[in-house]
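Enquirer: The structure file run-v1.cif (mmCIF, C-alpha atoms and all ligand atoms) is provided below.
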data_entry
loop_
_atom_site.label_atom_id
_atom_site.label_comp_id
_atom_site.auth_asym_id
_atom_site.auth_seq_id
_atom_site.Cartn_x
_atom_site.Cartn_y
_atom_site.Cartn_z
CA MET A 3 -156.36 -5.07 -16.93
CA GLU A 4 -154.61 -5.38 -13.55
CA LYS A 5 -151.40 -7.39 -13.90
CA TYR A 6 -149.84 -9.05 -10.87
CA ALA A 7 -146.29 -10.38 -10.84
CA ILE A 8 -146.38 -13.48 -8.66
CA ALA A 9 -143.32 -15.42 -7.53
CA ALA A 10 -144.27 -19.09 -7.33
CA ILE A 11 -142.10 -21.27 -5.11
CA PRO A 12 -143.43 -24.85 -5.24
CA GLY A 13 -140.69 -26.06 -2.85
CA ASP A 14 -140.39 -29.75 -2.02
CA GLY A 15 -142.54 -32.87 -2.04
CA ILE A 16 -146.23 -32.29 -2.69
CA GLY A 17 -145.57 -28.56 -3.11
CA ASN A 18 -144.61 -29.48 -6.68
CA GLU A 19 -148.01 -31.12 -7.17
CA VAL A 20 -150.39 -28.69 -5.45
CA VAL A 21 -148.83 -25.38 -6.53
CA PRO A 22 -149.19 -26.03 -10.31
CA ALA A 23 -152.78 -27.24 -9.66
CA ALA A 24 -153.67 -24.05 -7.78
CA MET A 25 -151.94 -21.88 -10.43
CA ARG A 26 -154.10 -23.44 -13.15
CA ILE A 27 -157.21 -22.69 -11.13
CA LEU A 28 -156.15 -19.11 -10.38
CA ASP A 29 -155.60 -18.61 -14.11
CA VAL A 30 -159.18 -19.75 -14.78
CA VAL A 31 -160.45 -17.40 -12.07
CA ALA A 32 -158.54 -14.52 -13.70
CA GLU A 33 -160.02 -15.39 -17.09
CA ILE A 34 -163.55 -15.42 -15.65
CA HIS A 35 -162.99 -12.09 -13.91
CA GLY A 36 -161.67 -10.59 -17.10
CA GLY A 37 -159.71 -7.81 -15.41
CA ILE A 38 -156.90 -9.72 -13.69
CA GLN A 39 -153.78 -11.25 -15.15
CA TRP A 40 -151.21 -13.26 -13.20
CA GLU A 41 -147.62 -13.06 -14.43
CA TRP A 42 -146.08 -16.14 -12.84
CA THR A 43 -142.35 -16.64 -12.34
CA SER A 44 -141.38 -19.96 -10.76
CA PHE A 45 -138.32 -20.37 -8.54
CA PRO A 46 -136.82 -23.78 -7.69
CA TRP A 47 -135.77 -22.73 -4.17
CA SER A 48 -136.17 -25.74 -1.89
CA CYS A 49 -134.26 -28.45 -0.04
CA GLN A 50 -133.46 -29.95 -3.42
CA TYR A 51 -131.83 -26.62 -4.31
CA TYR A 52 -129.98 -26.70 -0.98
CA LEU A 53 -128.49 -30.10 -1.75
CA GLN A 54 -127.04 -28.69 -4.98
CA HIS A 55 -126.08 -25.18 -3.88
CA GLY A 56 -125.59 -25.35 -0.11
CA MET A 57 -128.32 -22.80 0.49
CA MET A 58 -132.11 -22.80 0.30
CA MET A 59 -132.19 -19.77 -2.01
CA PRO A 60 -129.53 -17.54 -3.59
CA SER A 61 -128.14 -14.76 -1.44
CA GLU A 62 -129.95 -12.12 -3.52
CA GLY A 63 -133.19 -14.16 -3.19
CA ILE A 64 -134.93 -11.69 -0.88
CA ASP A 65 -134.15 -8.77 -3.22
CA ILE A 66 -135.54 -10.75 -6.12
CA LEU A 67 -138.75 -11.47 -4.20
CA ARG A 68 -139.11 -7.84 -3.20
CA SER A 69 -139.72 -6.91 -6.83
CA PHE A 70 -142.85 -9.11 -7.02
CA ASP A 71 -146.39 -8.21 -6.02
CA GLN A 72 -147.02 -11.42 -4.07
CA ILE A 73 -145.43 -14.80 -3.33
CA PHE A 74 -147.26 -18.11 -3.77
CA LEU A 75 -145.47 -20.88 -1.92
CA GLY A 76 -146.09 -24.62 -1.53
CA ALA A 77 -144.01 -26.19 1.20
CA VAL A 78 -140.36 -26.81 1.93
CA GLY A 79 -138.86 -29.71 3.83
CA MET A 80 -136.97 -32.93 3.24
CA PRO A 81 -136.57 -34.12 6.80
CA ASN A 82 -134.45 -37.16 5.85
CA LEU A 83 -131.79 -35.17 4.00
CA VAL A 84 -131.96 -31.60 5.25
CA PRO A 85 -132.47 -30.74 8.93
CA ASP A 86 -135.76 -28.89 9.47
CA HIS A 87 -134.10 -25.83 11.03
CA ILE A 88 -132.13 -25.28 7.78
CA SER A 89 -135.21 -25.36 5.56
CA LEU A 90 -137.19 -23.24 7.99
CA TRP A 91 -134.61 -20.57 8.80
CA GLY A 92 -133.03 -20.64 5.34
CA LEU A 93 -136.23 -19.89 3.46
CA LEU A 94 -139.58 -19.71 5.24
CA ILE A 95 -138.69 -17.77 8.35
CA ARG A 96 -136.18 -15.70 6.40
CA ILE A 97 -138.82 -14.56 3.90
CA ARG A 98 -141.42 -13.97 6.62
CA ARG A 99 -139.03 -11.80 8.65
CA GLU A 100 -137.10 -9.93 5.94
CA LEU A 101 -140.28 -9.06 4.07
CA GLU A 102 -141.94 -8.11 7.38
CA GLN A 103 -144.83 -10.51 6.99
CA SER A 104 -145.76 -9.98 10.59
CA ILE A 105 -149.28 -11.42 10.49
CA ASN A 106 -150.10 -15.05 9.82
CA LEU A 107 -153.78 -15.40 9.00
CA ARG A 108 -155.21 -18.91 9.18
CA PRO A 109 -158.93 -19.52 8.75
CA ALA A 110 -160.56 -22.73 9.99
CA ARG A 111 -164.12 -23.54 9.07
CA LEU A 112 -166.23 -26.56 8.35
CA LEU A 113 -166.81 -26.70 4.60
CA LYS A 114 -170.03 -28.03 3.09
CA GLY A 115 -169.54 -31.63 2.06
CA LEU A 116 -167.02 -32.43 4.78
CA ARG A 117 -167.34 -34.39 7.99
CA SER A 118 -165.36 -33.18 10.93
CA PRO A 119 -163.74 -35.86 13.10
CA LEU A 120 -165.48 -34.18 16.04
CA LEU A 121 -168.32 -36.22 17.54
CA HIS A 122 -170.93 -33.48 17.50
CA PRO A 123 -169.68 -30.86 15.07
CA ALA A 124 -171.68 -27.68 14.73
CA ASP A 125 -170.75 -25.29 11.92
CA PHE A 126 -167.67 -23.35 12.83
CA ASP A 127 -165.97 -20.49 11.05
CA LEU A 128 -163.05 -18.93 12.83
CA VAL A 129 -159.74 -17.33 12.01
CA VAL A 130 -156.48 -17.43 13.91
CA ILE A 131 -154.28 -14.34 13.73
CA ARG A 132 -150.83 -15.53 14.62
CA GLU A 133 -147.96 -13.14 15.39
CA ASN A 134 -145.46 -14.18 12.74
CA SER A 135 -142.20 -12.37 13.34
CA GLU A 136 -140.94 -13.04 16.87
CA GLY A 137 -142.19 -14.60 20.10
CA GLU A 138 -141.01 -18.07 20.96
CA TYR A 139 -139.32 -18.62 17.57
CA THR A 140 -135.91 -17.03 18.07
CA GLU A 141 -132.31 -18.06 17.70
CA ILE A 142 -131.43 -16.51 21.03
CA GLY A 143 -130.20 -18.89 23.67
CA GLY A 144 -127.61 -21.55 24.07
CA ARG A 145 -126.31 -24.61 25.86
CA MET A 146 -124.13 -24.59 28.94
CA LYS A 147 -122.16 -27.29 30.72
CA LYS A 148 -122.22 -30.92 29.73
CA GLY A 149 -123.62 -34.21 30.86
CA GLU A 150 -125.79 -34.29 33.96
CA ASP A 151 -125.40 -30.58 34.58
CA GLU A 152 -126.31 -29.50 31.07
CA ILE A 153 -128.56 -26.44 30.88
CA VAL A 154 -130.30 -25.15 27.76
CA VAL A 155 -131.73 -21.66 27.57
CA GLN A 156 -134.12 -20.53 24.84
CA ASN A 157 -135.33 -16.95 24.92
CA ALA A 158 -138.59 -15.59 23.58
CA VAL A 159 -138.90 -12.01 22.34
CA PHE A 160 -142.09 -9.96 22.48
CA THR A 161 -141.95 -6.36 21.27
CA ARG A 162 -144.75 -3.91 21.93
CA LYS A 163 -144.83 -3.00 18.24
CA ALA A 164 -145.35 -6.52 16.90
CA THR A 165 -147.69 -7.58 19.70
CA GLU A 166 -149.87 -4.54 19.24
CA ARG A 167 -149.85 -4.98 15.44
CA ALA A 168 -151.14 -8.56 15.72
CA MET A 169 -153.84 -7.52 18.16
CA ARG A 170 -155.03 -4.55 16.12
CA TYR A 171 -155.19 -6.76 13.05
CA ALA A 172 -157.28 -9.29 14.99
CA PHE A 173 -159.71 -6.58 16.15
CA GLU A 174 -160.00 -5.20 12.62
CA GLN A 175 -160.83 -8.71 11.34
CA ALA A 176 -163.42 -9.15 14.11
CA LYS A 177 -165.16 -5.92 13.03
CA LYS A 178 -165.70 -7.49 9.59
CA ARG A 179 -166.87 -10.76 11.14
CA ARG A 180 -168.76 -11.48 14.37
CA ASN A 181 -167.14 -8.89 16.68
CA GLN A 182 -165.42 -11.31 19.00
CA VAL A 183 -161.71 -11.74 19.83
CA THR A 184 -160.20 -14.43 22.04
CA SER A 185 -156.59 -14.02 23.14
CA ALA A 186 -154.40 -17.09 23.71
CA THR A 187 -152.34 -16.58 26.85
CA LYS A 188 -150.48 -18.52 29.51
CA SER A 189 -149.87 -15.87 32.10
CA ASN A 190 -150.32 -18.37 34.93
CA GLY A 191 -147.14 -20.21 33.88
CA ILE A 192 -145.06 -17.77 31.83
CA SER A 193 -144.24 -14.84 34.01
CA HIS A 194 -142.93 -12.05 31.76
CA SER A 195 -144.07 -12.34 28.16
CA MET A 196 -147.63 -13.49 28.74
CA PRO A 197 -148.62 -10.90 31.38
CA PHE A 198 -147.25 -8.33 28.88
CA TRP A 199 -149.31 -9.95 26.11
CA ASP A 200 -152.45 -9.69 28.31
CA GLU A 201 -151.66 -6.06 29.11
CA VAL A 202 -151.38 -5.08 25.43
CA PHE A 203 -154.56 -7.03 24.66
CA ARG A 204 -156.48 -5.06 27.31
CA GLU A 205 -155.06 -1.76 26.05
CA VAL A 206 -155.88 -2.41 22.39
CA SER A 207 -159.37 -3.68 23.26
CA THR A 208 -160.35 -0.27 24.68
CA ASP A 209 -160.19 1.10 21.10
CA TYR A 210 -162.80 -1.47 20.02
CA PRO A 211 -165.71 -1.16 22.46
CA GLN A 212 -168.05 -2.98 20.04
CA VAL A 213 -165.89 -6.13 20.15
CA THR A 214 -166.40 -8.74 22.89
CA THR A 215 -163.11 -10.05 24.27
CA SER A 216 -161.93 -13.00 26.27
CA SER A 217 -158.53 -14.27 27.35
CA GLN A 218 -157.97 -18.03 27.58
CA HIS A 219 -154.96 -20.04 28.65
CA ILE A 220 -153.54 -21.92 25.68
CA ASP A 221 -154.21 -25.35 27.20
CA ALA A 222 -157.87 -24.55 27.86
CA LEU A 223 -158.25 -22.81 24.50
CA THR A 224 -156.87 -25.84 22.64
CA ALA A 225 -159.50 -28.00 24.33
CA PHE A 226 -162.14 -25.35 23.61
CA LEU A 227 -161.23 -25.50 19.93
CA ILE A 228 -162.24 -29.15 19.96
CA THR A 229 -165.31 -28.97 22.20
CA ARG A 230 -166.82 -25.60 21.20
CA PRO A 231 -165.21 -24.32 17.95
CA HIS A 232 -168.52 -22.73 16.92
CA ASP A 233 -168.22 -20.27 19.83
CA LEU A 234 -164.97 -18.83 18.47
CA ASP A 235 -164.62 -16.02 15.93
CA VAL A 236 -161.14 -14.43 15.87
CA ILE A 237 -158.28 -15.83 17.96
CA VAL A 238 -155.10 -13.82 18.43
CA ALA A 239 -152.04 -15.82 19.42
CA SER A 240 -148.27 -15.70 19.67
CA ASN A 241 -146.09 -17.44 17.09
CA LEU A 242 -145.90 -20.82 18.86
CA PHE A 243 -149.41 -20.86 20.29
CA GLY A 244 -150.84 -19.85 16.90
CA ASP A 245 -148.90 -22.63 15.19
CA ILE A 246 -150.31 -25.26 17.53
CA LEU A 247 -153.86 -23.92 17.46
CA THR A 248 -153.97 -23.90 13.67
CA ASP A 249 -152.90 -27.53 13.40
CA VAL A 250 -155.84 -28.35 15.69
CA GLY A 251 -158.01 -26.09 13.54
CA ALA A 252 -156.90 -27.99 10.44
CA ALA A 253 -157.60 -31.34 12.11
CA ILE A 254 -161.18 -30.44 13.06
CA MET A 255 -161.80 -29.19 9.50
CA GLY A 256 -161.16 -32.74 8.33
CA SER A 257 -157.57 -32.70 7.09
CA ILE A 258 -154.44 -30.62 7.30
CA GLY A 259 -154.44 -30.88 3.49
CA ILE A 260 -157.21 -28.29 3.20
CA ALA A 261 -156.02 -25.66 5.69
CA PRO A 262 -155.09 -22.31 4.11
CA ALA A 263 -152.76 -19.59 5.38
CA ALA A 264 -151.36 -16.18 4.48
CA ASN A 265 -148.23 -14.40 5.72
CA LEU A 266 -149.21 -10.78 5.44
CA ASN A 267 -147.20 -7.62 5.12
CA VAL A 268 -150.12 -5.53 6.32
CA ASP A 269 -148.58 -2.20 5.28
CA ARG A 270 -148.18 -3.59 1.73
CA LYS A 271 -144.63 -2.27 1.63
CA TYR A 272 -143.30 -5.69 0.56
CA PRO A 273 -145.04 -8.72 -0.96
CA SER A 274 -147.06 -11.03 1.23
CA MET A 275 -146.62 -14.79 1.01
CA PHE A 276 -149.51 -17.21 0.57
CA GLU A 277 -148.63 -20.66 1.85
CA PRO A 278 -150.90 -23.47 3.14
CA VAL A 279 -150.59 -24.83 6.68
CA HIS A 280 -149.41 -28.28 5.59
CA GLY A 281 -145.83 -29.30 4.87
CA SER A 282 -144.14 -31.15 2.03
CA ALA A 283 -145.69 -34.50 3.08
CA PRO A 284 -142.80 -36.71 1.92
CA ASP A 285 -144.84 -39.80 2.83
CA ILE A 286 -147.27 -39.23 -0.07
CA ALA A 287 -145.18 -37.12 -2.47
CA GLY A 288 -145.00 -38.30 -6.08
CA GLN A 289 -148.18 -40.40 -5.89
CA GLY A 290 -150.54 -37.80 -7.35
CA ILE A 291 -152.90 -38.02 -4.37
CA ALA A 292 -152.01 -34.85 -2.45
CA ASN A 293 -155.03 -32.76 -1.54
CA PRO A 294 -154.73 -29.51 -3.51
CA LEU A 295 -157.52 -27.75 -1.57
CA GLY A 296 -155.23 -26.19 1.05
CA GLN A 297 -153.18 -24.57 -1.72
CA ILE A 298 -156.29 -23.57 -3.68
CA TRP A 299 -158.01 -22.07 -0.62
CA THR A 300 -154.71 -20.25 0.02
CA GLY A 301 -155.19 -18.80 -3.49
CA LYS A 302 -158.57 -17.51 -2.32
CA LEU A 303 -156.79 -15.69 0.52
CA MET A 304 -154.55 -14.04 -2.09
CA LEU A 305 -157.63 -12.95 -4.07
CA ASP A 306 -159.21 -11.56 -0.88
CA PHE A 307 -156.03 -9.69 0.05
CA LEU A 308 -155.85 -8.12 -3.42
CA GLY A 309 -159.46 -6.94 -3.08
CA TYR A 310 -161.17 -9.58 -5.27
CA GLU A 311 -163.38 -10.97 -2.51
CA GLU A 312 -166.16 -11.88 -4.93
CA MET A 313 -163.75 -14.12 -6.87
CA GLY A 314 -162.51 -15.58 -3.58
CA THR A 315 -166.08 -16.44 -2.61
CA LEU A 316 -166.65 -18.07 -6.00
CA LEU A 317 -163.52 -20.17 -5.57
CA LEU A 318 -164.64 -21.39 -2.14
CA GLU A 319 -168.03 -22.23 -3.62
CA ALA A 320 -166.27 -24.35 -6.27
CA ILE A 321 -164.29 -26.13 -3.54
CA GLU A 322 -167.47 -26.88 -1.57
CA PHE A 323 -169.29 -28.06 -4.68
CA THR A 324 -166.47 -30.53 -5.41
CA LEU A 325 -166.52 -31.84 -1.85
CA GLN A 326 -170.30 -32.18 -1.86
CA SER A 327 -170.02 -34.17 -5.10
CA GLY A 328 -167.77 -36.61 -3.24
CA ILE A 329 -164.65 -35.77 -5.25
CA LYS A 330 -162.13 -36.06 -2.42
CA THR A 331 -158.51 -37.17 -2.03
CA PRO A 332 -157.61 -40.08 0.31
CA ASP A 333 -156.83 -37.81 3.30
CA LEU A 334 -160.58 -37.01 3.25
CA HIS A 335 -161.42 -40.71 2.83
CA GLY A 336 -162.03 -40.31 -0.90
CA LYS A 337 -160.46 -41.94 -3.94
CA ALA A 338 -159.85 -38.92 -6.17
CA THR A 339 -156.43 -37.81 -7.35
CA THR A 340 -154.98 -34.29 -7.19
CA GLU A 341 -155.73 -33.99 -10.91
CA GLU A 342 -159.37 -35.09 -10.56
CA VAL A 343 -160.06 -32.57 -7.80
CA THR A 344 -158.38 -29.81 -9.82
CA THR A 345 -160.31 -30.63 -13.00
CA ALA A 346 -163.62 -30.78 -11.08
CA ILE A 347 -163.04 -27.29 -9.68
CA ILE A 348 -162.11 -25.91 -13.10
CA GLU A 349 -165.23 -27.49 -14.65
CA TYR A 350 -167.46 -26.00 -11.94
CA LEU A 351 -165.95 -22.56 -12.47
CA GLN A 352 -166.33 -22.71 -16.24
CA LYS A 353 -169.87 -24.07 -16.05
CA THR A 354 -171.09 -21.53 -13.50
CA CYS A 355 -169.61 -18.45 -15.08
P1 LIG A 401 -144.02 -29.18 8.40
O1 LIG A 401 -142.86 -29.43 9.27
O2 LIG A 401 -143.67 -28.53 7.11
O3 LIG A 401 -145.18 -28.55 9.11
P2 LIG A 401 -145.03 -31.74 8.91
O4 LIG A 401 -143.96 -32.75 9.06
O5 LIG A 401 -145.62 -31.18 10.13
O6 LIG A 401 -144.52 -30.62 7.95
P3 LIG A 401 -146.89 -32.37 6.79
O7 LIG A 401 -145.92 -32.39 5.69
O8 LIG A 401 -147.90 -31.29 6.80
O9 LIG A 401 -146.16 -32.43 8.15
O10 LIG A 401 -147.63 -33.76 6.86
C1 LIG A 401 -148.33 -34.24 8.00
C2 LIG A 401 -149.25 -35.39 7.57
O11 LIG A 401 -150.35 -34.83 6.82
C3 LIG A 401 -148.58 -36.37 6.62
O12 LIG A 401 -149.04 -37.67 6.92
C4 LIG A 401 -149.02 -35.94 5.26
O13 LIG A 401 -149.08 -36.97 4.33
C5 LIG A 401 -150.39 -35.34 5.50
N1 LIG A 401 -150.65 -34.23 4.57
C6 LIG A 401 -150.12 -33.00 4.62
N2 LIG A 401 -150.54 -32.23 3.60
C7 LIG A 401 -151.36 -33.02 2.86
C8 LIG A 401 -152.11 -32.82 1.66
N3 LIG A 401 -152.10 -31.64 1.00
N4 LIG A 401 -152.83 -33.85 1.19
C9 LIG A 401 -152.85 -35.02 1.83
N5 LIG A 401 -152.18 -35.27 2.96
C10 LIG A 401 -151.44 -34.30 3.48
MG MG A 402 -146.21 -29.14 11.00
#
Show how you would write the structure in this file as structure tokens.

Expert:
Amino acid sequence: MEKYAIAAIPGDGIGNEVVPAAMRILDVVAEIHGGIQWEWTSFPWSCQYYLQHGMMMPSEGIDILRSFDQIFLGAVGMPNLVPDHISLWGLLIRIRRELEQSINLRPARLLKGLRSPLLHPADFDLVVIRENSEGEYTEIGGRMKKGEDEIVVQNAVFTRKATERAMRYAFEQAKKRRNQVTSATKSNGISHSMPFWDEVFREVSTDYPQVTTSSQHIDALTAFLITRPHDLDVIVASNLFGDILTDVGAAIMGSIGIAPAANLNVDRKYPSMFEPVHGSAPDIAGQGIANPLGQIWTGKLMLDFLGYEEMGTLLLEAIEFTLQSGIKTPDLHGKATTEEVTTAIIEYLQKTC
């Protein structure tokens, strides 16, 4: 029996609804497999925690997390009470950086049983590899002067190490998929970081002669994602560009509520963190109608990362079966509740296995 210690951080808003749902399903998957056991420990770290303690997580929080195998996170954010930069830098970005989760992997594909909002959707199945540790998201910069003369400077940081790591990971993924990598650039407008990004992309690509490559400016690539998503396989992008592209990816899948993501420590030195693309959705929190599929599909990414791909495939099959049966939450134009979707998936798993 392989035992995995998992730190569960439901966070705020709908995180508290979708994380328990996905944990129940992962427990059923483990039972069916017979050789896996999850040892869950839940932590209340969130904006709610911040309001009581003045910080998003205790100061020894990172050390505590380091002792776990993986982290399963919902979403943090309470935009009305806690400024977004506090919840982001105090928990999410802190965990991603201190645990060196330098790769953000975000698949986007059209599931069976779902209609894309695109006019003429063809099947698409792509994955965005987003550099997760640096780039445009930095705290370097500042404000100068006041009033009419005010100037604000925000610096971006691109290291060769992190850039190359993201690109190599993208090429490795492409080898297991359809051998195609598209790089998101903007070297016609950004004069230092993006030409460097293109240079590293060209260098890394020479080690993968079997992989077809293309470089697209982020504006064109965003449009491409809407008009021809079926032509894309693996996209490699900087932190900001990857963030934007994956929200578009989620939208063309049908709802941000189903989009999965993983923050990977590729060397497996520290735990990785599995966290869906969506946020805490305060507008629908507490109503029992949050779509749990993003969190559940994120659980599949955890299974894949741990080497249980066959269980991951089974879980995706259960998701597609539920969608094809019309059991959908309101964001997918259905009437089902979080609980109904969760139960339907559990029933499918128990019936099939
Ligand atoms: P963040 O800053 O954390 O990315 P956000 O403000 O961009 O958060 P979300 O919290 O993801 O946004 O919500 C965006 C919209 O999508 C909201 O209208 C929300 O209700 C909806 N939404 C997000 N996740 C889900 C879900 N799992 N099920 C249903 N609707 C969702
Ligand atoms: Mg967002």

Enquirer: Show me which residues are within 9 Å of ligand LIG 401 (chain A) counting all atoms listed in the file, and format the list as JSON, numbers by chain.

Expert: {"A": [15, 16, 17, 20, 77, 78, 79, 80, 81, 86, 90, 249, 257, 258, 259, 260, 261, 278, 279, 280, 281, 282, 283, 284, 285, 286, 287, 291, 292, 293, 294, 295, 296, 297, 331, 332, 333, 334, 340]}

Enquirer: Expressed in Å to a single decimal, how great is the separation between CA of Cys49 in chain A and CA of Ile105 in chain A?

Expert: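 Separation of CA of Cys49 in chain A and CA of Ile105 in chain A: 25.0 Å.
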
Enquirer: Can you tell me which residues surround Lys177 in chain A at a distance of at most 12 Å, considering all atoms listed in the file, apart from same-chain residues fewer than 4 positions away, and format the answer as number ranges by chain?

Expert: A: 170-173, 181-183, 207, 209-214, 235-236

Enquirer: List as a ChimeraX atom specification the protein and nucleic acid residues near range 271-275 of chain A, meaning an atom at most 12 Å away when only C-alpha atoms are counted, but skip any in the same chain fewer than 4 places from it.

Expert: /A:6-11,64-77,93-107,134,262-267,300-301,303-305,307-308

Enquirer: Find the spatial neighbours of Ser195 in chain A, counting all atoms listed in the file, within a cut-off of 10 Å - ignore same-chain residues fewer than 2 positions away - and output them as a ChimeraX atom specification.

Expert: /A:137-138,158-161,187-189,192-193,197-201

Enquirer: Considering all atoms listed in the file, can you say which of A:Met169, A:Met146, A:Ala346, A:Val250 comes closest to ligand MG 402 (chain A)?

Expert: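 Answer, going by the shortest atom-to-atom distance: A:Val250.
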
Enquirer: Taking 3 positions as the minimum chain separation for residues in the same chain, which residues sit within 12 Å of Gly328 in chain A when counting all atoms listed in the file? Answer as a PDB file with C-alpha atoms, in the coordinates of the input.

Expert:
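See result-v6.pdb below for the written result:
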ATOM      1  CA  LYS A 114    -170.030 -28.030   3.090  1.00  0.00           C
ATOM      2  CA  GLY A 115    -169.540 -31.630   2.060  1.00  0.00           C
ATOM      3  CA  LEU A 116    -167.020 -32.430   4.780  1.00  0.00           C
ATOM      4  CA  ARG A 117    -167.340 -34.390   7.990  1.00  0.00           C
ATOM      5  CA  ILE A 321    -164.290 -26.130  -3.540  1.00  0.00           C
ATOM      6  CA  GLU A 322    -167.470 -26.880  -1.570  1.00  0.00           C
ATOM      7  CA  PHE A 323    -169.290 -28.060  -4.680  1.00  0.00           C
ATOM      8  CA  THR A 324    -166.470 -30.530  -5.410  1.00  0.00           C
ATOM      9  CA  LEU A 325    -166.520 -31.840  -1.850  1.00  0.00           C
ATOM     10  CA  THR A 331    -158.510 -37.170  -2.030  1.00  0.00           C
ATOM     11  CA  PRO A 332    -157.610 -40.080   0.310  1.00  0.00           C
ATOM     12  CA  LEU A 334    -160.580 -37.010   3.250  1.00  0.00           C
ATOM     13  CA  HIS A 335    -161.420 -40.710   2.830  1.00  0.00           C
ATOM     14  CA  GLY A 336    -162.030 -40.310  -0.900  1.00  0.00           C
ATOM     15  CA  LYS A 337    -160.460 -41.940  -3.940  1.00  0.00           C
ATOM     16  CA  ALA A 338    -159.850 -38.920  -6.170  1.00  0.00           C
ATOM     17  CA  GLU A 342    -159.370 -35.090 -10.560  1.00  0.00           C
ATOM     18  CA  VAL A 343    -160.060 -32.570  -7.800  1.00  0.00           C
ATOM     19  CA  ALA A 346    -163.620 -30.780 -11.080  1.00  0.00           C
TER      20      ALA A 346
END

Enquirer: Identify which of the residues A:Glu166, A:Gly63, A:Pro109, A:Lys5 lies closest to Glu205 in chain A, counting all atoms listed in the file when measuring atom-to-atom distances.

Expert: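 Between A:Glu166, A:Gly63, A:Pro109, A:Lys5, the residue approaching Glu205 in chain A most closely is A:Glu166.
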
Enquirer: Could you please determine the separation between CA of Ser327 in chain A and CA of Glu277 in chain A in Å, to one decimal place?

Expert: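 Distance reported for this atom pair: 26.2 Å.
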
Enquirer: Calculated over only C-alpha atoms, which of the candidates A:Ser240, A:Ser135, A:Ser48, A:Thr229 has the smallest distance to Leu120 in chain A?

Expert: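 Selected residue with least distance to Leu120 in chain A: A:Thr229.
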
Enquirer: For ligand MG 402 (chain A), which residue among A:Ala252, A:Gln326, A:Gln352, A:Thr345 is the nearest when counting only C-alpha atoms and all ligand atoms?

Expert: A:Ala252

Enquirer: To one decimal place in Å, what is the distance between CA of Leu227 in chain A and CA of Leu242 in chain A?

Expert: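 A separation of 16.1 Å between them.
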
Enquirer: Which residue gives the smallest distance to ligand MG 402 (chain A) among A:Ile298, A:Arg179, A:Arg270, A:Gly244, with all atoms listed in the file counted?

Expert: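 Among the listed residues, A:Gly244 lies closest to ligand MG 402 (chain A).
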
Enquirer: Kindly indicate which residue among A:Ile38, A:Ala253, A:Leu28, A:Ile220 lies nearest to ligand MG 402 (chain A), using all atoms listed in the file for the distances.

Expert: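 The closest residue to ligand MG 402 (chain A) is A:Ala253.
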
Enquirer: Please list as a compact mmCIF listing (two decimals) with C-alpha atoms, keeping the file's coordinate frame every residue within 7 Å of Gln156 in chain A, counting all atoms listed in the file and excluding residues in the same chain fewer than 2 positions away.

Expert:
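Final output, saved to around-v5.txt:
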# COMPACT_ATOMS: atom_id res chain seq x y z
CA ILE A 142 -131.43 -16.51 21.03
CA GLY A 143 -130.20 -18.89 23.67
CA GLY A 144 -127.61 -21.55 24.07
CA VAL A 154 -130.30 -25.15 27.76
CA ALA A 158 -138.59 -15.59 23.58
